[in-house]
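Colleague: Got a structure for you, input13.cif, holding mmCIF, C-alpha atoms.
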```cif
data_start
loop_
_atom_site.label_atom_id
_atom_site.label_comp_id
_atom_site.auth_asym_id
_atom_site.auth_seq_id
_atom_site.Cartn_x
_atom_site.Cartn_y
_atom_site.Cartn_z
CA MET C 606 45.15 -58.48 -14.71
CA ASP C 607 43.50 -60.07 -11.67
CA SER C 608 39.77 -59.78 -11.57
CA THR C 609 37.31 -60.60 -8.81
CA LYS C 610 34.90 -62.20 -11.26
CA VAL C 611 34.48 -62.75 -15.00
CA LEU C 612 31.23 -61.94 -16.78
CA ASP C 613 30.72 -63.57 -20.15
CA ALA C 614 28.41 -61.24 -22.11
CA LYS C 615 29.50 -62.48 -25.53
CA GLY C 616 26.69 -62.75 -28.05
CA LEU C 617 24.42 -60.46 -26.03
CA SER C 618 23.23 -57.32 -27.72
CA CYS C 619 22.52 -53.90 -26.32
CA PRO C 620 21.29 -53.23 -23.62
CA MET C 621 22.02 -56.65 -22.05
CA PRO C 622 25.82 -56.35 -21.65
CA ILE C 623 25.40 -53.26 -19.48
CA VAL C 624 22.32 -54.60 -17.67
CA ARG C 625 24.32 -57.71 -16.66
CA THR C 626 27.43 -55.72 -15.83
CA LYS C 627 25.49 -53.39 -13.58
CA LYS C 628 23.82 -56.31 -11.82
CA GLU C 629 27.22 -57.85 -11.02
CA MET C 630 28.74 -54.57 -9.94
CA ASP C 631 25.83 -53.98 -7.55
CA THR C 632 26.91 -57.10 -5.61
CA PHE C 633 30.58 -56.04 -5.48
CA ASP C 634 32.55 -54.32 -2.76
CA SER C 635 34.48 -51.15 -3.42
CA CYS C 636 37.70 -51.76 -5.43
CA ASP C 637 36.58 -55.21 -6.66
CA ILE C 638 37.31 -55.67 -10.35
CA LEU C 639 34.84 -57.16 -12.84
CA GLU C 640 36.19 -58.58 -16.10
CA VAL C 641 33.54 -58.33 -18.84
CA HIS C 642 33.75 -60.03 -22.24
CA VAL C 643 31.46 -58.57 -24.92
CA THR C 644 31.00 -58.85 -28.66
CA ASP C 645 28.41 -56.09 -29.15
CA LYS C 646 30.27 -53.20 -30.83
CA GLY C 647 28.11 -50.60 -29.10
CA ALA C 648 29.79 -51.60 -25.83
CA LEU C 649 33.02 -49.93 -26.92
CA ALA C 650 31.53 -46.49 -26.31
CA ASP C 651 28.74 -47.43 -23.89
CA ILE C 652 30.65 -49.33 -21.17
CA PRO C 653 33.16 -46.52 -20.52
CA ALA C 654 30.34 -43.94 -20.63
CA TRP C 655 28.26 -45.98 -18.19
CA ALA C 656 31.23 -46.60 -15.87
CA ASN C 657 32.04 -42.90 -15.91
CA ALA C 658 28.45 -41.94 -15.05
CA ALA C 659 28.35 -44.54 -12.26
CA GLY C 660 31.71 -43.47 -10.85
CA HIS C 661 33.50 -46.77 -11.63
CA SER C 662 36.81 -46.80 -13.46
CA ILE C 663 37.96 -48.85 -16.44
CA VAL C 664 41.40 -49.98 -15.33
CA ASP C 665 42.20 -51.85 -18.52
CA GLN C 666 40.61 -52.89 -21.78
CA LYS C 667 41.63 -54.92 -24.80
CA GLU C 668 40.32 -56.11 -28.12
CA ASP C 669 41.06 -59.61 -29.33
CA ALA C 670 39.46 -60.74 -32.60
CA ASP C 671 35.83 -59.75 -32.11
CA VAL C 672 35.85 -59.86 -28.31
CA LEU C 673 36.16 -56.71 -26.23
CA THR C 674 37.36 -57.14 -22.65
CA PHE C 675 36.90 -54.49 -19.98
CA TYR C 676 38.28 -54.50 -16.42
CA ILE C 677 35.99 -52.36 -14.32
CA LYS C 678 36.90 -51.32 -10.78
CA LYS C 679 34.02 -50.53 -8.47
CA ALA C 680 33.92 -47.07 -6.95
CA MET I 586 -0.14 -48.42 -20.73
CA ALA I 587 0.68 -49.28 -24.30
CA ILE I 588 3.97 -49.52 -26.15
CA SER I 589 3.79 -49.14 -29.93
CA LYS I 590 6.50 -49.28 -32.53
CA MET I 591 7.02 -46.44 -34.97
CA THR I 592 8.75 -47.18 -38.27
CA ALA I 593 11.38 -44.99 -39.91
CA ALA I 594 8.81 -44.32 -42.66
CA GLN I 595 6.34 -42.95 -40.10
CA VAL I 596 9.01 -40.76 -38.51
CA ALA I 597 9.97 -39.51 -41.98
CA ARG I 598 6.36 -38.45 -42.65
CA LYS I 599 6.32 -36.54 -39.37
CA ALA I 600 9.56 -34.76 -40.29
CA ILE I 601 8.39 -33.89 -43.80
CA GLU I 602 4.89 -32.83 -42.76
CA ASN I 603 6.21 -30.79 -39.81
CA HIS I 604 4.36 -32.71 -37.12
CA GLU I 605 5.36 -32.57 -33.49
CA LEU I 606 7.27 -35.40 -31.90
CA PHE I 607 9.11 -35.73 -28.61
CA ILE I 608 12.24 -37.84 -29.01
CA LEU I 609 13.79 -39.49 -25.99
CA ASP I 610 17.17 -40.50 -27.40
CA VAL I 611 18.80 -43.07 -25.11
CA ARG I 612 22.14 -43.36 -26.95
CA ASN I 613 25.22 -42.01 -25.24
CA LYS I 614 25.83 -38.27 -25.39
CA ASP I 615 28.57 -38.30 -28.03
CA ALA I 616 26.45 -40.32 -30.43
CA PHE I 617 23.48 -37.98 -29.94
CA GLU I 618 25.50 -34.81 -30.42
CA ASP I 619 27.12 -36.23 -33.54
CA TRP I 620 23.92 -37.30 -35.29
CA LYS I 621 20.22 -37.38 -34.50
CA ILE I 622 16.78 -37.47 -36.13
CA GLU I 623 16.01 -33.97 -37.38
CA GLY I 624 12.55 -32.40 -37.59
CA HIS I 625 11.41 -28.77 -37.47
CA LYS I 626 8.96 -29.43 -34.67
CA PHE I 627 10.81 -32.25 -32.94
CA GLU I 628 11.87 -31.83 -29.32
CA TYR I 629 14.63 -33.85 -27.74
CA LEU I 630 15.77 -35.29 -24.46
CA ASN I 631 19.01 -37.26 -24.44
CA ILE I 632 19.50 -39.56 -21.46
CA PRO I 633 21.66 -42.67 -22.07
CA TYR I 634 19.79 -45.91 -21.38
CA PHE I 635 22.42 -46.97 -18.87
CA GLU I 636 21.49 -44.03 -16.68
CA LEU I 637 17.90 -45.29 -16.55
CA LEU I 638 18.56 -48.84 -15.35
CA ASP I 639 17.31 -48.06 -11.85
CA GLY I 640 14.08 -46.51 -13.11
CA VAL I 641 12.57 -43.79 -15.25
CA GLU I 642 10.73 -41.89 -12.51
CA GLY I 643 13.31 -39.12 -12.59
CA ILE I 644 12.61 -38.22 -16.22
CA LEU I 645 8.81 -38.59 -16.20
CA PRO I 646 8.16 -34.89 -15.50
CA LYS I 647 10.17 -34.07 -18.63
CA LEU I 648 8.07 -36.29 -20.91
CA PRO I 649 5.07 -34.41 -22.36
CA LYS I 650 1.62 -36.00 -22.06
CA ASP I 651 0.13 -34.13 -25.03
CA LYS I 652 2.64 -35.34 -27.65
CA ASP I 653 3.83 -38.66 -29.01
CA VAL I 654 6.96 -39.72 -27.15
CA LEU I 655 9.39 -41.79 -29.24
CA VAL I 656 12.28 -43.63 -27.62
CA VAL I 657 15.28 -44.00 -29.94
CA CYS I 658 18.53 -45.93 -29.63
CA ALA I 659 21.19 -47.30 -31.97
CA LYS I 660 19.58 -50.59 -32.94
CA GLU I 661 16.29 -50.87 -31.01
CA GLY I 662 17.09 -53.08 -27.98
CA SER I 663 17.66 -50.34 -25.42
CA SER I 664 14.73 -48.27 -26.65
CA ILE I 665 12.37 -51.22 -26.09
CA MET I 666 13.74 -51.66 -22.57
CA VAL I 667 13.27 -47.97 -21.73
CA ALA I 668 9.83 -47.87 -23.43
CA GLU I 669 8.73 -50.84 -21.30
CA MET I 670 9.82 -49.02 -18.16
CA ILE I 671 7.92 -45.89 -19.20
CA SER I 672 4.85 -47.92 -20.05
CA GLU I 673 4.96 -49.71 -16.69
CA VAL I 674 4.57 -46.41 -14.89
CA GLY I 675 1.45 -45.63 -16.88
CA ARG I 676 2.44 -43.72 -20.00
CA ASN I 677 1.85 -44.39 -23.69
CA VAL I 678 5.11 -44.55 -25.57
CA TYR I 679 6.62 -45.47 -28.94
CA TYR I 680 10.00 -46.92 -29.85
CA LEU I 681 11.75 -46.59 -33.21
CA GLU I 682 11.76 -49.92 -35.01
CA GLY I 683 15.34 -50.82 -35.94
CA GLY I 684 16.74 -47.75 -34.19
CA MET I 685 19.09 -45.24 -35.84
CA LYS I 686 20.28 -48.07 -38.05
CA SER I 687 16.93 -48.20 -39.83
CA TRP I 688 16.68 -44.38 -39.79
CA SER I 689 20.01 -44.21 -41.65
CA MET I 690 18.69 -46.58 -44.32
CA TYR I 691 15.20 -45.21 -44.91
CA LEU I 692 14.57 -43.70 -48.32
CA GLU I 693 11.46 -41.81 -49.45
CA PRO I 694 10.75 -41.21 -53.16
CA ILE I 695 9.11 -37.80 -53.71
CA LYS I 696 7.99 -36.50 -57.07
CA VAL I 697 9.75 -33.21 -57.88
CA SER I 698 7.87 -32.38 -61.05
CA ASP I 699 6.38 -33.44 -64.35
CA LEU I 700 8.70 -33.27 -67.34
CA THR I 701 8.14 -32.65 -71.02
CA GLY I 702 5.84 -35.11 -72.79
CA GLY I 703 4.40 -36.82 -69.71
CA GLY I 704 7.75 -37.50 -68.04
CA GLU I 705 8.35 -37.37 -64.30
CA LEU I 706 11.29 -36.50 -62.08
CA TYR I 707 11.64 -38.20 -58.69
CA GLN I 708 13.95 -37.31 -55.84
CA PHE I 709 14.75 -40.06 -53.32
CA VAL I 710 15.27 -38.43 -49.94
CA ARG I 711 17.34 -40.39 -47.45
CA LEU I 712 16.53 -38.30 -44.40
CA GLY I 713 18.80 -39.99 -41.89
CA LYS I 714 21.93 -39.63 -43.97
CA GLY I 715 21.05 -36.57 -46.03
CA CYS I 716 21.55 -38.36 -49.37
CA LEU I 717 19.50 -37.49 -52.47
CA SER I 718 19.12 -39.72 -55.53
CA TYR I 719 17.17 -39.10 -58.72
CA MET I 720 15.11 -40.93 -61.29
CA VAL I 721 13.89 -39.57 -64.61
CA ILE I 722 10.92 -41.48 -66.00
CA SER I 723 9.25 -41.14 -69.35
CA GLU I 724 7.40 -43.46 -71.66
CA GLY I 725 8.85 -46.82 -70.85
CA GLU I 726 12.34 -45.77 -69.80
CA ALA I 727 14.15 -44.56 -66.71
CA THR I 728 17.49 -42.94 -65.92
CA ILE I 729 18.90 -43.01 -62.40
CA ILE I 730 21.45 -40.60 -60.94
CA ASP I 731 23.43 -41.12 -57.71
CA ALA I 732 21.55 -44.19 -56.49
CA VAL I 733 22.21 -45.25 -52.90
CA ARG I 734 22.77 -48.93 -52.13
CA PHE I 735 19.13 -49.88 -51.49
CA THR I 736 18.65 -50.88 -55.09
CA GLU I 737 15.18 -52.38 -54.66
CA VAL I 738 13.71 -48.96 -53.86
CA PHE I 739 14.70 -47.86 -57.38
CA THR I 740 13.83 -51.09 -59.17
CA ASN I 741 10.46 -51.19 -57.37
CA LEU I 742 9.54 -47.70 -58.55
CA ALA I 743 10.61 -48.69 -62.07
CA LYS I 744 8.33 -51.74 -61.88
CA GLU I 745 5.46 -49.74 -60.50
CA LYS I 746 5.81 -47.21 -63.33
CA ASN I 747 6.34 -49.97 -65.86
CA VAL I 748 9.61 -48.52 -67.15
CA GLN I 749 12.92 -50.09 -68.04
CA ILE I 750 16.05 -48.64 -66.44
CA LYS I 751 18.37 -47.70 -69.33
CA HIS I 752 21.03 -45.38 -67.91
CA VAL I 753 22.58 -45.25 -64.45
CA PHE I 754 24.94 -42.40 -63.55
CA ASP I 755 27.09 -41.52 -60.58
CA THR I 756 28.08 -37.84 -60.58
CA HIS I 757 31.35 -38.82 -58.87
CA LEU I 758 32.99 -41.54 -56.79
CA HIS I 759 31.13 -41.14 -53.50
CA ALA I 760 32.96 -41.09 -50.16
CA ASP I 761 30.09 -40.83 -47.67
CA HIS I 762 27.79 -43.60 -48.84
CA ILE I 763 27.92 -46.78 -50.87
CA SER I 764 26.62 -46.42 -54.41
CA GLY I 765 23.94 -48.75 -55.71
CA GLY I 766 24.49 -47.65 -59.31
CA ARG I 767 26.69 -50.47 -60.52
CA HIS I 768 24.43 -53.12 -58.98
CA ILE I 769 21.25 -51.65 -60.48
CA ALA I 770 22.95 -51.65 -63.88
CA GLU I 771 24.05 -55.28 -63.50
CA GLU I 772 20.57 -56.33 -62.44
CA THR I 773 18.67 -54.49 -65.17
CA GLY I 774 21.12 -54.48 -68.08
CA ALA I 775 21.35 -50.68 -67.96
CA THR I 776 24.53 -48.81 -68.85
CA TYR I 777 26.56 -47.65 -65.83
CA TYR I 778 28.48 -44.41 -66.26
CA LEU I 779 31.20 -42.98 -64.04
CA PRO I 780 33.55 -40.02 -64.65
CA PRO I 781 36.86 -41.58 -65.82
CA GLU I 782 38.94 -39.14 -63.73
CA ASP I 783 37.36 -40.58 -60.58
CA ALA I 784 37.53 -44.15 -61.81
CA GLU I 785 41.26 -44.73 -62.27
CA GLU I 786 41.34 -47.37 -59.56
CA VAL I 787 37.98 -49.05 -60.10
CA VAL I 788 38.08 -52.78 -60.80
CA PHE I 789 34.86 -53.14 -62.83
CA ASN I 790 33.79 -52.09 -66.31
CA TYR I 791 31.94 -48.83 -66.76
CA THR I 792 31.08 -46.41 -69.53
CA PRO I 793 33.02 -43.13 -69.29
CA LEU I 794 30.92 -40.14 -68.36
CA GLU I 795 32.45 -37.33 -70.41
CA ASP I 796 31.71 -33.62 -70.57
CA GLY I 797 28.93 -32.92 -73.07
CA LEU I 798 27.61 -36.49 -73.17
CA THR I 799 23.86 -36.45 -73.76
CA VAL I 800 21.38 -39.28 -73.41
CA SER I 801 17.71 -39.10 -74.13
CA ASN I 802 15.14 -40.89 -72.03
CA GLY I 803 11.93 -42.41 -73.37
CA ALA I 804 9.98 -41.72 -76.51
CA SER I 805 9.60 -38.06 -75.59
CA LYS I 806 13.40 -37.89 -75.58
CA ILE I 807 13.92 -36.09 -72.32
CA GLU I 808 17.42 -34.75 -72.57
CA ILE I 809 19.97 -35.48 -69.87
CA GLY I 810 23.21 -33.64 -70.53
CA ALA I 811 26.52 -33.96 -68.66
CA LEU I 812 28.51 -30.91 -67.62
CA TYR I 813 32.02 -31.48 -66.29
CA SER I 814 32.20 -29.64 -62.97
CA PRO I 815 35.24 -30.73 -60.94
CA GLY I 816 36.11 -29.60 -57.44
CA HIS I 817 34.59 -32.01 -54.92
CA THR I 818 36.43 -34.71 -56.83
CA ILE I 819 38.45 -34.32 -60.01
CA GLY I 820 35.77 -36.13 -62.02
CA SER I 821 32.64 -34.53 -60.54
CA THR I 822 30.04 -34.04 -63.24
CA SER I 823 26.69 -32.24 -63.14
CA PHE I 824 23.60 -32.96 -65.22
CA ILE I 825 21.04 -30.76 -66.88
CA VAL I 826 17.72 -32.57 -67.14
CA ASP I 827 15.01 -31.44 -69.56
CA ARG I 828 16.79 -28.06 -69.86
CA LYS I 829 15.23 -27.15 -66.57
CA TYR I 830 16.95 -28.97 -63.70
CA LEU I 831 20.60 -28.78 -62.69
CA LEU I 832 21.74 -31.86 -60.77
CA THR I 833 24.85 -30.61 -59.00
CA GLY I 834 26.07 -33.79 -57.29
CA ASP I 835 28.33 -32.82 -54.38
CA ILE I 836 29.54 -29.54 -55.91
CA LEU I 837 26.75 -27.18 -54.88
CA PHE I 838 24.17 -27.65 -52.14
CA ILE I 839 21.30 -25.42 -51.05
CA ASP I 840 23.07 -23.77 -48.14
CA SER I 841 26.68 -24.86 -48.62
CA ILE I 842 29.21 -26.02 -51.23
CA GLY I 843 31.17 -29.23 -51.78
CA ARG I 844 34.35 -29.86 -49.83
CA PRO I 845 37.42 -30.63 -51.93
CA ASP I 846 39.35 -32.87 -49.54
CA LEU I 847 37.63 -36.26 -49.36
CA ALA I 848 39.88 -37.84 -51.95
CA GLY I 849 42.89 -36.37 -50.15
CA LEU I 850 43.74 -33.54 -52.53
CA ALA I 851 42.12 -30.39 -51.14
CA GLU I 852 44.84 -27.95 -52.21
CA ASP I 853 44.96 -29.37 -55.75
CA TRP I 854 41.23 -29.17 -56.29
CA VAL I 855 40.38 -25.80 -54.78
CA GLY I 856 41.04 -24.09 -58.11
CA ASP I 857 38.71 -26.52 -59.90
CA LEU I 858 35.98 -25.92 -57.33
CA ARG I 859 36.32 -22.15 -57.74
CA GLU I 860 36.27 -22.44 -61.53
CA THR I 861 33.13 -24.62 -61.47
CA LEU I 862 31.17 -22.49 -59.01
CA TYR I 863 32.27 -19.05 -60.15
CA ARG I 864 32.60 -19.54 -63.89
CA ARG I 865 31.00 -22.70 -65.29
CA TYR I 866 27.81 -22.43 -63.25
CA ARG I 867 27.64 -18.67 -63.82
CA GLU I 868 27.29 -19.30 -67.55
CA LEU I 869 24.13 -21.34 -67.00
CA ALA I 870 20.58 -20.01 -67.02
CA GLU I 871 19.64 -18.68 -63.60
CA ASP I 872 16.17 -20.17 -63.79
CA LEU I 873 17.52 -23.71 -63.63
CA ILE I 874 16.35 -25.54 -60.51
CA VAL I 875 19.26 -26.92 -58.51
CA LEU I 876 18.89 -30.50 -57.26
CA PRO I 877 21.90 -31.52 -55.14
CA ALA I 878 23.06 -34.98 -54.04
CA HIS I 879 22.92 -34.04 -50.34
CA PHE I 880 21.38 -31.83 -47.74
CA MET I 881 22.95 -31.09 -44.37
CA THR I 882 20.06 -29.88 -42.21
CA ILE I 883 16.30 -30.27 -42.28
CA ASP I 884 16.04 -26.51 -42.96
CA GLU I 885 17.06 -27.21 -46.55
CA LEU I 886 13.87 -29.18 -47.19
CA ASN I 887 10.98 -27.50 -48.99
CA GLU I 888 7.43 -27.85 -47.69
CA ASP I 889 6.76 -30.92 -49.82
CA GLY I 890 9.91 -32.62 -48.51
CA THR I 891 11.98 -32.07 -51.65
CA VAL I 892 15.37 -30.37 -51.69
CA ALA I 893 15.42 -27.93 -54.64
CA LYS I 894 16.01 -24.25 -55.24
CA GLY I 895 16.57 -21.87 -58.16
CA LEU I 896 20.16 -21.37 -59.27
CA GLY I 897 19.59 -17.60 -59.26
CA ASP I 898 18.43 -17.78 -55.62
CA LEU I 899 21.57 -19.69 -54.71
CA PHE I 900 23.77 -17.10 -56.46
CA ALA I 901 22.11 -14.50 -54.24
CA GLU I 902 21.92 -16.42 -50.95
CA ASN I 903 24.46 -19.22 -50.76
CA HIS I 904 27.51 -17.97 -48.85
CA GLY I 905 29.85 -20.29 -50.76
CA LEU I 906 28.91 -18.60 -54.05
CA ASN I 907 29.55 -15.13 -52.66
CA ILE I 908 33.18 -15.09 -51.59
CA GLU I 909 34.82 -12.49 -53.80
CA SER I 910 38.44 -13.02 -52.92
CA GLU I 911 40.00 -16.22 -54.28
CA GLU I 912 42.31 -16.33 -51.31
CA GLU I 913 39.45 -16.18 -48.83
CA PHE I 914 37.61 -18.84 -50.84
CA CYS I 915 40.66 -21.07 -50.65
CA HIS I 916 40.84 -20.66 -46.86
CA THR I 917 37.13 -21.31 -46.45
CA VAL I 918 37.24 -24.64 -48.25
CA THR I 919 40.56 -25.95 -46.93
CA ASP I 920 40.93 -24.62 -43.36
CA ASN I 921 38.97 -25.87 -40.38
CA LEU I 922 37.02 -28.44 -42.37
CA PRO I 923 34.47 -30.48 -40.43
CA PRO I 924 35.39 -34.10 -39.62
CA GLN I 925 35.27 -36.45 -42.61
CA PRO I 926 32.31 -38.79 -43.08
CA ASN I 927 32.44 -42.03 -41.10
CA ALA I 928 34.70 -44.66 -42.77
CA TYR I 929 35.07 -42.49 -45.89
CA GLN I 930 38.22 -44.18 -47.09
CA GLN I 931 36.69 -47.65 -46.79
CA ILE I 932 33.54 -46.42 -48.54
CA ARG I 933 35.63 -45.17 -51.48
CA GLN I 934 37.26 -48.62 -51.67
CA VAL I 935 33.82 -50.26 -51.77
CA ASN I 936 32.69 -47.89 -54.53
CA MET I 937 35.82 -48.79 -56.51
CA GLY I 938 34.82 -52.44 -56.24
CA LYS I 939 38.03 -53.30 -54.34
CA VAL I 940 36.29 -54.65 -51.25
CA THR I 941 32.85 -56.18 -50.83
CA PRO I 942 31.68 -55.97 -47.23
CA ASN I 943 28.50 -57.75 -46.13
CA ASN I 944 25.27 -55.92 -45.47
CA ASP I 945 25.87 -55.35 -41.76
CA GLU I 946 29.36 -54.03 -42.41
CA GLN I 947 27.99 -51.64 -45.06
CA THR I 948 25.38 -50.38 -42.58
CA GLU I 949 28.09 -49.84 -39.96
CA MET I 950 30.25 -47.87 -42.45
CA GLU I 951 27.40 -45.57 -43.36
CA ILE I 952 26.40 -44.64 -39.81
CA GLY I 953 26.38 -40.89 -39.17
CA PRO I 954 25.81 -37.75 -41.25
CA ASN I 955 27.21 -37.34 -44.80
CA ARG I 956 29.53 -34.39 -44.13
CA CYS I 957 30.28 -33.67 -47.78
CA ALA I 958 29.82 -29.90 -47.50
CA VAL I 959 31.65 -26.86 -46.27
CA ARG I 960 29.88 -23.68 -45.21
#
```
Spell out the structure here as structure tokens.

Modeller:
Amino acid sequence: MDSTKVLDAKGLSCPMPIVRTKKEMDTFDSCDILEVHVTDKGALADIPAWANAAGHSIVDQKEDADVLTFYIKKA
Amino acid sequence: MAISKMTAAQVARKAIENHELFILDVRNKDAFEDWKIEGHKFEYLNIPYFELLDGVEGILPKLPKDKDVLVVCAKEGSSIMVAEMISEVGRNVYYLEGGMKSWSMYLEPIKVSDLTGGGELYQFVRLGKGCLSYMVISEGEATIIDAVRFTEVFTNLAKEKNVQIKHVFDTHLHADHISGGRHIAEETGATYYLPPEDAEEVVFNYTPLEDGLTVSNGASKIEIGALYSPGHTIGSTSFIVDRKYLLTGDILFIDSIGRPDLAGLAEDWVGDLRETLYRRYRELAEDLIVLPAHFMTIDELNEDGTVAKGLGDLFAENHGLNIESEEEFCHTVTDNLPPQPNAYQQIRQVNMGKVTPNNDEQTEMEIGPNRCAVR
């Protein structure tokens, strides 16, 4: 999937993955897609819940070894 | 203003002593609804931390000024962030050290009673998970029943009391939490007992816990007798301690009864559960004090923080002991069961000795409530 930008949040623990993700998304235009890589397991539930609350949509996600990847489309 | 940390032990004292506390839980809504810190006088506000990234001004009016406010999250990080934001706008605030992870692990030993000849009976209350473990102490010796995996809490009390741990029992193969029994026995040279019917797949040596087995603890020979009481599992065994206490394991709780499905055989074991609760237990003296291996809600705690109630009271009040029709009983314990405990199949594998996860993985497996009961 094509993304506008990739954010490497691997190794960061809660709340930093979402703090960084939000910061990036705030600079985006509508429909831009951010690709986020995280290793913190809490992100599995928290990133979709945050995106939902903020009105963004998760257009794809995958899990490869210990790395979770989310593709988040700005509202 | 100031940020202070509050430990799980301090929160536990507040829960047991019925103090007030305002909990701002910043985990996501599903996690909060599934499992939270319980206290009779605790109040709650659940706002996920990621909804507070732009500021906490919006929730300030909801935070009381006349009570301690404790920010709670899964592991601690987010609660510190939110506590800092609250403190920056001029409020005093606490965060829970180690988050729900440390709450799940915290264990408080509470003395239930003195026993014959200077003996003592301790109940270890794991508030976050609702697990209860026991230790009988008398004159130089100790017996432990249903130990959770934090073995040092038990060995430390044994050291403090200057007693040697001789016998370690598990009432059954647990599915909601990882047993510490086998490890305590290895460390101290005690004998580890497990009901053979539950132990068919275990890969370590154990001493069979058979119906009628009796051990005596210490010079005053406090009697600990086994009573086969299947139903939660096929091997589930109860204990009668000092002819006064009935340790029911996961068969009978204060306000509920054991569920028969966690080893995958609900229909097969319903009859056993019925037989145990409606016949075997009925033959026992009603003045025995029931000490279960779990509680489900904080309402089951007595004023001193223990979980204990007379068998006669339970016969009168516990719904699960008052279902006359066998058919209705069968439906109650097999239909519409609550979700199973987190990772219960993996936890059974760990307790069989088949897999040995590291500490973090064990913590992860044990997250959430115990869910061993049916009401």

Colleague: Do you know which residues lie at most 12 Å from (37.6, -43.6, -63.7), with coordinates as in the file and all atoms listed in the file counted, and could you write them as a ChimeraX atom specification?

Modeller: /I:755-758,777-795,818-821,936-938

Colleague: If the cut-off is 6 Å, can you tell me the residues of chain C near chain I, counting all atoms listed in the file? I'd like them as a list of chain:residue names.

Modeller: C:Cys619, C:Pro620, C:Trp655

Colleague: Would you put the residues from that selection into a file with C-alpha atoms, as a PDB file, in the frame of the given file?

Modeller:
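Generated file (selection.pdb):
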```
ATOM      1  CA  CYS C 619      22.520 -53.900 -26.320  1.00  0.00           C
ATOM      2  CA  PRO C 620      21.290 -53.230 -23.620  1.00  0.00           C
ATOM      3  CA  TRP C 655      28.260 -45.980 -18.190  1.00  0.00           C
TER       4      TRP C 655
END
```

Colleague: Which one is closest to Ser687 of chain I: I:Val596, I:Val641, I:Leu700, I:Val611? Count only C-alpha atoms.

Modeller: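 Between I:Val596, I:Val641, I:Leu700, I:Val611, the residue approaching Ser687 of chain I most closely is I:Val596.
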
Colleague: To one decimal place in Å, what is the distance between atom CA of Lys746 of chain I and atom CA of Thr822 of chain I?

Modeller: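 Computing the Euclidean distance for atom CA of Lys746 of chain I and atom CA of Thr822 of chain I yields 27.6 Å.
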
Colleague: Atom CA of Asp651 of chain C and atom CA of Ile632 of chain I are how many Å apart?

Modeller: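 For atom CA of Asp651 of chain C relative to atom CA of Ile632 of chain I, the distance reads 12.4 Å.
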
Colleague: Within 9 Å of segment 897-912 of chain I, counting all atoms listed in the file, which residues show up once you throw out same-chain ones fewer than 3 positions away? Write them as an MDAnalysis selection string, please.

Modeller: chainID I and resid 837:842 856 859 862:863 867 870:875 894 915:918 959:960

Colleague: Report as a ChimeraX atom specification all protein, DNA and RNA residues lying within 7 Å of segment 733-737 of chain I, evaluated on all atoms listed in the file, omitting residues in the same chain fewer than 5 positions from it.

Modeller: /I:718,763-765,769

Colleague: Do you know which residues the PyMOL selection byres ((chain C and resi 664) around 8) returns on this file, as a ChimeraX atom specification?

Modeller: /C:662-663,665-666,675-678

Colleague: Neighbouring residues of Val672 of chain C were defined as those with any atom within 7 Å, considering all atoms listed in the file; residues of the same chain fewer than 4 positions away were excluded. Please report them as an mmCIF file with C-alpha atoms, in the coordinates of the input.

Modeller:
```cif
data_model
loop_
_atom_site.group_PDB
_atom_site.id
_atom_site.type_symbol
_atom_site.label_atom_id
_atom_site.label_comp_id
_atom_site.auth_asym_id
_atom_site.auth_seq_id
_atom_site.Cartn_x
_atom_site.Cartn_y
_atom_site.Cartn_z
ATOM 1 C CA HIS C 642 33.750 -60.030 -22.240
ATOM 2 C CA VAL C 643 31.460 -58.570 -24.920
ATOM 3 C CA THR C 644 31.000 -58.850 -28.660
ATOM 4 C CA GLU C 668 40.320 -56.110 -28.120
#
```

Colleague: What is the distance between atom CA of Val654 of chain I and atom CA of Lys686 of chain I, in Å to one decimal?

Modeller: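 Atom-to-atom, atom CA of Val654 of chain I to atom CA of Lys686 of chain I, that is 19.1 Å.
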
Colleague: Using only C-alpha atoms, which residue out of C:Val611, C:Ala680, C:Ala670, C:Leu617 lies closest to Cys636 of chain C?

Modeller: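 Checking each of C:Val611, C:Ala680, C:Ala670, C:Leu617 against Cys636 of chain C, counting only C-alpha atoms, the winner is C:Ala680.
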
Colleague: Expand the PyMOL selection byres ((chain C and resi 625-627) around 9) into the explicit residue set it covers here, and present it as a PyMOL selection string.

Modeller: (chain C and resi 612+614+620-624+628-632+639+641+652) or (chain I and resi 635+638)

Colleague: With distances taken over only C-alpha atoms, which of C:Ala654, C:Met606, C:Leu649, C:Ala659 is nearest to Lys679 of chain C?

Modeller: C:Ala659

Colleague: Would you translate the PyMOL selection byres ((chain I and resi 593) around 7) into the concrete set of residues it matches in this file, as a list in words?

Modeller: Met591, Thr592, Ala594, Gln595, Val596, Ala597, Leu681, Glu682, Ser687, Trp688 and Tyr691 of chain I

Colleague: Which residue gives the smallest distance to Lys714 of chain I among I:His762, I:Glu669, I:Val800, I:Gly843, with all atoms listed in the file counted?

Modeller: I:His762
